[in-house]
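Structure file data-v9.tsv with TSV, C-alpha atoms:
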```tsv
chain	number	residue	atom	x	y	z
A	1	MET	CA	-9.29	44.65	-19.70
A	2	MET	CA	-9.37	48.06	-18.01
A	3	GLU	CA	-5.59	48.40	-18.16
A	4	SER	CA	-5.55	47.83	-21.92
A	5	CYS	CA	-8.11	50.56	-22.68
A	6	THR	CA	-7.16	54.17	-23.09
A	7	LYS	CA	-9.65	56.95	-22.46
A	8	SER	CA	-10.20	57.50	-26.18
A	9	GLN	CA	-11.03	53.81	-26.69
A	10	LEU	CA	-13.79	53.72	-24.11
A	11	PRO	CA	-17.40	54.39	-25.14
A	12	LYS	CA	-19.00	57.62	-23.94
A	13	LYS	CA	-21.01	55.71	-21.34
A	14	SER	CA	-18.26	53.44	-20.10
A	15	TYR	CA	-19.56	53.12	-16.53
A	16	LEU	CA	-16.07	53.54	-15.09
A	17	ALA	CA	-16.07	53.97	-11.32
A	18	PRO	CA	-14.64	57.22	-9.92
A	19	ALA	CA	-11.15	57.07	-8.44
A	20	SER	CA	-12.52	57.44	-4.91
A	21	SER	CA	-14.59	54.24	-5.14
A	22	LYS	CA	-12.92	51.43	-3.20
A	23	HIS	CA	-15.74	48.97	-2.61
A	24	PRO	CA	-14.91	45.64	-4.40
A	25	SER	CA	-18.47	44.94	-5.53
A	26	PHE	CA	-18.69	48.45	-6.97
A	27	TRP	CA	-15.63	47.84	-9.14
A	28	ASN	CA	-16.78	44.34	-10.19
A	29	PHE	CA	-20.07	45.78	-11.37
A	30	ARG	CA	-18.25	48.41	-13.45
A	31	VAL	CA	-15.85	45.88	-14.96
A	32	LEU	CA	-18.74	43.63	-16.03
A	33	LYS	CA	-20.46	46.58	-17.67
A	34	ILE	CA	-17.31	47.40	-19.66
A	35	LEU	CA	-16.80	43.78	-20.71
A	36	ARG	CA	-20.37	43.63	-21.99
A	37	ARG	CA	-19.89	46.72	-24.09
A	38	PHE	CA	-16.58	45.46	-25.48
A	39	ALA	CA	-17.85	41.98	-26.38
A	40	ARG	CA	-16.91	40.90	-29.90
A	41	PRO	CA	-18.24	38.18	-32.23
A	42	VAL	CA	-16.65	34.74	-32.07
A	43	TYR	CA	-14.88	33.49	-35.20
A	44	SER	CA	-14.28	29.74	-35.21
A	45	TYR	CA	-13.53	26.92	-37.64
A	46	VAL	CA	-16.34	24.67	-38.84
A	47	LEU	CA	-15.77	20.91	-38.86
A	48	GLY	CA	-18.01	18.17	-40.22
A	49	GLY	CA	-17.60	14.62	-41.38
A	50	VAL	CA	-18.95	11.19	-42.25
A	51	LEU	CA	-18.25	7.66	-41.04
A	52	PHE	CA	-17.57	4.67	-43.30
A	53	ASP	CA	-17.80	0.95	-42.51
A	54	PRO	CA	-14.89	-0.97	-44.13
A	55	ALA	CA	-15.58	-4.18	-46.03
A	56	PRO	CA	-16.16	-7.29	-43.90
A	57	GLY	CA	-12.90	-8.66	-42.54
A	58	VAL	CA	-11.04	-5.35	-42.90
A	59	LEU	CA	-9.90	-4.02	-39.53
A	60	SER	CA	-9.22	-0.44	-38.48
A	61	PRO	CA	-7.56	0.79	-35.27
A	62	ASP	CA	-11.05	0.60	-33.73
A	63	ALA	CA	-10.22	-3.10	-33.25
A	64	LEU	CA	-7.80	-1.99	-30.51
A	65	HIS	CA	-10.81	-1.60	-28.24
A	66	GLY	CA	-10.74	-5.40	-28.11
A	67	GLU	CA	-8.50	-6.59	-25.29
A	68	GLU	CA	-6.96	-9.60	-27.07
A	69	TYR	CA	-6.26	-7.71	-30.31
A	70	ALA	CA	-4.79	-4.74	-28.41
A	71	LYS	CA	-2.48	-7.06	-26.44
A	72	ALA	CA	-1.31	-8.82	-29.60
A	73	GLN	CA	-0.59	-5.54	-31.36
A	74	GLN	CA	1.28	-4.25	-28.32
A	75	GLU	CA	3.61	-7.25	-28.58
A	76	VAL	CA	4.07	-6.60	-32.32
A	77	TYR	CA	5.05	-3.01	-31.58
A	78	GLU	CA	7.47	-3.96	-28.80
A	79	GLN	CA	9.23	-6.46	-31.08
A	80	THR	CA	9.16	-4.65	-34.45
A	81	ARG	CA	8.04	-1.06	-33.77
A	82	LYS	CA	5.37	-1.66	-36.41
A	83	GLY	CA	1.62	-2.23	-36.46
A	84	PRO	CA	-1.18	0.18	-35.49
A	85	TYR	CA	0.77	1.37	-32.44
A	86	GLY	CA	3.71	2.31	-34.62
A	87	SER	CA	1.95	4.93	-36.76
A	88	PRO	CA	-0.72	7.58	-36.19
A	89	GLY	CA	-2.29	6.43	-39.46
A	90	MET	CA	-3.90	9.71	-40.50
A	91	LEU	CA	-4.08	11.37	-43.92
A	92	MET	CA	-4.49	15.12	-44.33
A	93	GLY	CA	-4.86	17.38	-47.35
A	94	LEU	CA	-5.98	20.77	-48.58
A	95	VAL	CA	-8.25	21.62	-51.51
A	96	SER	CA	-9.71	24.77	-53.06
A	97	TYR	CA	-13.46	25.22	-53.22
A	98	ALA	CA	-13.36	26.70	-56.72
A	99	SER	CA	-11.57	23.62	-58.09
A	100	ILE	CA	-14.31	21.15	-57.10
A	101	ILE	CA	-17.47	23.00	-58.21
A	102	SER	CA	-18.84	24.53	-61.39
A	103	GLN	CA	-18.82	28.24	-62.18
A	104	GLU	CA	-22.60	28.30	-61.75
A	105	GLU	CA	-22.29	26.84	-58.24
A	106	LEU	CA	-19.57	29.34	-57.38
A	107	LYS	CA	-21.72	32.28	-58.49
A	108	SER	CA	-24.64	30.90	-56.50
A	109	THR	CA	-22.46	30.58	-53.37
A	110	ILE	CA	-21.17	34.14	-53.68
A	111	SER	CA	-24.72	35.40	-54.21
A	112	ASP	CA	-25.85	33.56	-51.06
A	113	ILE	CA	-22.96	34.99	-49.04
A	114	ARG	CA	-23.81	38.57	-49.95
A	115	ALA	CA	-27.56	38.07	-49.54
A	116	ASN	CA	-27.12	36.64	-46.03
A	117	SER	CA	-24.14	38.73	-44.95
A	118	LEU	CA	-23.46	38.97	-41.21
A	119	ALA	CA	-20.77	41.61	-41.65
A	120	LYS	CA	-21.55	44.87	-39.86
A	121	THR	CA	-18.30	46.75	-39.33
A	122	ARG	CA	-16.00	48.00	-42.07
A	123	PHE	CA	-13.42	45.41	-41.04
A	124	GLU	CA	-15.94	42.54	-41.19
A	125	LYS	CA	-17.14	43.65	-44.63
A	126	ALA	CA	-13.56	43.77	-45.92
A	127	GLN	CA	-12.90	40.34	-44.41
A	128	GLU	CA	-16.01	38.93	-46.10
A	129	GLU	CA	-14.91	40.27	-49.49
A	130	LEU	CA	-11.49	38.70	-48.96
A	131	ILE	CA	-13.12	35.31	-48.22
A	132	ILE	CA	-15.19	35.62	-51.41
A	133	GLU	CA	-11.99	36.34	-53.35
A	134	GLN	CA	-10.34	33.27	-51.78
A	135	LEU	CA	-13.33	31.04	-52.57
A	136	SER	CA	-13.13	32.16	-56.19
A	137	ASP	CA	-9.44	31.29	-56.48
A	138	PRO	CA	-8.83	27.67	-57.66
A	139	THR	CA	-5.30	27.84	-56.21
A	140	PHE	CA	-6.35	28.89	-52.70
A	141	ALA	CA	-7.00	26.06	-50.20
A	142	ASN	CA	-10.22	26.82	-48.32
A	143	LEU	CA	-10.97	23.25	-47.23
A	144	GLN	CA	-8.83	20.94	-45.12
A	145	THR	CA	-9.53	17.21	-45.22
A	146	PHE	CA	-8.68	14.51	-42.71
A	147	CYS	CA	-8.97	10.75	-43.06
A	148	ILE	CA	-8.68	8.94	-39.73
A	149	PRO	CA	-8.93	5.11	-39.77
A	150	CYS	CA	-11.23	4.84	-36.75
A	151	GLN	CA	-14.49	6.24	-35.42
A	152	LEU	CA	-14.18	9.90	-34.48
A	153	ASP	CA	-17.20	11.11	-32.55
A	154	ILE	CA	-17.20	14.89	-33.01
A	155	SER	CA	-20.50	15.12	-31.15
A	156	ALA	CA	-18.47	14.61	-27.95
A	157	GLY	CA	-17.83	18.35	-27.99
A	158	SER	CA	-14.91	19.67	-25.97
A	159	ASP	CA	-14.13	16.32	-24.29
A	160	GLN	CA	-11.55	15.13	-26.78
A	161	ILE	CA	-10.88	11.92	-24.83
A	162	GLN	CA	-14.34	10.80	-25.93
A	163	PHE	CA	-13.61	11.56	-29.60
A	164	PHE	CA	-12.19	8.07	-30.06
A	165	SER	CA	-15.00	6.24	-28.30
A	166	LYS	CA	-15.70	2.58	-28.94
A	167	PRO	CA	-17.88	1.97	-32.03
A	168	PRO	CA	-20.92	-0.35	-31.99
A	169	GLU	CA	-20.12	-4.02	-31.35
A	170	GLY	CA	-18.54	-5.71	-34.37
A	171	LYS	CA	-17.89	-2.42	-36.20
A	172	ASN	CA	-14.61	-0.98	-37.49
A	173	ARG	CA	-14.91	2.48	-38.91
A	174	VAL	CA	-13.07	5.13	-40.90
A	175	SER	CA	-13.74	8.86	-40.44
A	176	LEU	CA	-13.59	11.42	-43.23
A	177	LEU	CA	-13.57	14.98	-41.89
A	178	ILE	CA	-13.74	18.32	-43.65
A	179	CYS	CA	-12.81	21.68	-42.10
A	180	LEU	CA	-13.70	25.10	-43.49
A	181	GLU	CA	-10.58	27.22	-43.00
A	182	HIS	CA	-12.24	30.62	-43.44
A	183	PRO	CA	-15.87	30.48	-42.25
A	184	LEU	CA	-18.36	33.29	-42.82
A	185	SER	CA	-20.54	32.82	-39.75
A	186	ARG	CA	-20.04	34.64	-36.47
A	187	GLY	CA	-20.93	33.51	-32.97
A	188	SER	CA	-21.04	35.44	-29.73
A	189	VAL	CA	-19.77	35.55	-26.16
A	190	HIS	CA	-21.91	37.06	-23.41
A	191	ILE	CA	-21.50	37.46	-19.68
A	192	THR	CA	-24.78	36.23	-18.26
A	193	PRO	CA	-24.28	35.94	-14.48
A	194	VAL	CA	-23.14	38.65	-12.09
A	195	ASP	CA	-20.48	36.27	-10.77
A	196	PRO	CA	-17.34	36.90	-12.90
A	197	LEU	CA	-15.98	33.48	-11.90
A	198	LYS	CA	-18.74	31.62	-13.74
A	199	PRO	CA	-18.21	30.71	-17.43
A	200	PRO	CA	-19.72	33.00	-20.10
A	201	LEU	CA	-22.44	32.00	-22.53
A	202	ILE	CA	-20.68	30.99	-25.78
A	203	ASP	CA	-22.59	30.44	-29.02
A	204	PRO	CA	-20.29	29.46	-31.95
A	205	GLY	CA	-23.07	30.15	-34.49
A	206	TYR	CA	-21.41	27.84	-36.99
A	207	PHE	CA	-24.18	27.93	-39.61
A	208	ARG	CA	-25.69	31.38	-39.18
A	209	ASN	CA	-24.53	31.95	-42.72
A	210	GLY	CA	-25.85	28.99	-44.73
A	211	ALA	CA	-22.94	29.26	-47.17
A	212	ASN	CA	-20.76	27.48	-44.59
A	213	ALA	CA	-22.87	24.32	-44.90
A	214	LYS	CA	-22.94	24.60	-48.69
A	215	ILE	CA	-19.14	24.80	-48.91
A	216	LEU	CA	-18.63	21.92	-46.45
A	217	ALA	CA	-21.11	19.73	-48.37
A	218	ALA	CA	-19.17	20.33	-51.59
A	219	GLY	CA	-15.98	19.26	-49.83
A	220	LEU	CA	-17.52	16.01	-48.62
A	221	LYS	CA	-18.71	15.11	-52.11
```

Would you mind writing the structure in this file as structure tokens?
Amino acid sequence: MMESCTKSQLPKKSYLAPASSKHPSFWNFRVLKILRRFARPVYSYVLGGVLFDPAPGVLSPDALHGEEYAKAQQEVYEQTRKGPYGSPGMLMGLVSYASIISQEELKSTISDIRANSLAKTRFEKAQEELIIEQLSDPTFANLQTFCIPCQLDISAGSDQIQFFSKPPEGKNRVSLLICLEHPLSRGSVHITPVDPLKPPLIDPGYFRNGANAKILAAGLK
């Protein structure tokens, strides 16, 4: 961090240690101070979704959690290279927000964005205006959709192994997910402890701007 900053880029009170300071803890303290002052908002994608239960008798890859069914389908794959093990079985698409709502809804969304703006810097304000322009364009894909024929538990957080956890007994599910490609909300990253080896405090702030939820809801409809 210190190597990438020139003198002109540093704030007036940068807390840089003098060249004669050689004590490790002294330098660590100064580096933490600089990192705090150079912290920037987090910009991350927003993902939501719903689960569907197929009609009785219709199986999804969730059935592979059953030992007998999984073994049978493994044999099918080994002999024919077909079956649930032979294909990822996922659908994906892109759609524009302006093409799925009315003009009145679009105006309301834009009004909400500007009324609850989180943009502070000139760059962030320009970025927000660009997102508004993209949302207004019926040919610009703001929303990405996924259809996965099994239960996807997005509440598992960063442990993606748990995303495909076993559904309730006797259930086979299909997941419909929607992702906002250009969100308006901003999160934050802060160094909370004095130990630089400990993880920082990360807050994605996905719905600080309520327009994110409004756009995602329209996509799910």

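Counting all atoms listed in the file and comparing A:Tyr97, A:Ile131, A:Asn172, A:Glu75, the residue that lies closest to A:Val58 is A:Asn172.
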
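Between atom CA of A:Arg208 and atom CA of A:Pro183 the interatomic distance comes to 10.3 Å.
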
If the box runs along x, y and z of the file and leaves 5 Å on each side of stretch 201-207 of chain A, what are its centre and edge lengths in Å, one decimal, as AutoDock Vina command-line options?
```
--center_x -22.2 --center_y 29.9 --center_z -31.1 --size_x 13.9 --size_y 14.2 --size_z 27.1
```

Please produce, as a Markdown table, a per-residue contact table for stretch 70-94 of chain A versus stretch 176-182 of chain A (criterion: any atom at most 10 Å away, only C-alpha atoms considered), showing the nearest atom pair and its distance in Å to one decimal, sorted by chain then residue number.
```
| residue | atom | partner | partner_atom | distance |
| --- | --- | --- | --- | --- |
| A:Leu91 | CA | A:Leu176 | CA | 9.5 |
| A:Met92 | CA | A:Leu177 | CA | 9.4 |
| A:Gly93 | CA | A:Ile178 | CA | 9.7 |
| A:Leu94 | CA | A:Cys179 | CA | 9.5 |
```

- Task: Do a neighbour search on A:Ile148 at 6 Å with only C-alpha atoms, toss out local chain neighbours closer than 5 positions, and write the hits as a PyMOL selection string.
- Result: chain A and resi 90+174-175

Those residues you just picked out, can you put them in a file as a tab-separated table (two decimals), keeping the file's coordinate frame with C-alpha atoms?
```tsv
chain	number	residue	atom	x	y	z
A	90	MET	CA	-3.90	9.71	-40.50
A	174	VAL	CA	-13.07	5.13	-40.90
A	175	SER	CA	-13.74	8.86	-40.44
```

- Message: For A:Ile100, find every residue with an atom within 12 Å (counting only C-alpha atoms), except residues of its own chain fewer than 5 positions away, and show them as a PyMOL selection string.
- Response: chain A and resi 94-95+105-106+135-143+215-221

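Excluding A:Gly89 itself and same-chain residues fewer than 3 positions from it, the residues having an atom within 9 Å of it are Pro61, Pro84, Gly86, Cys147, Ile148 and Pro149 of chain A, counting only C-alpha atoms.
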
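Across the structure, atom CA of A:Phe146 and atom CA of A:Lys171 are spaced 20.3 Å apart.
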
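Pairwise distance (atom CA of A:Ile191, atom CA of A:Phe123) equals 24.2 Å.
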
- Item | Among listed residues A:Pro204, A:Tyr77, A:Leu64, A:Ser102, nearest A:Phe164 (using only C-alpha atoms) | A:Leu64

- Query: Nearest to A:Glu128 among A:Ala70, A:Ile110, A:Leu201, A:Val46, with distances taken over all atoms listed in the file: which residue is it?
  - Reply: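 Once distances to A:Glu128 are computed over all atoms listed in the file, the minimum belongs to A:Ile110.
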
- Which residues, written as a PyMOL selection string, have at least one atom at most 10 Å from stretch 114-117 of chain A, with only C-alpha atoms counted and residues fewer than 5 positions away on the same chain left out? chain A and resi 109+124-125+128-129+132+184-185+208-211
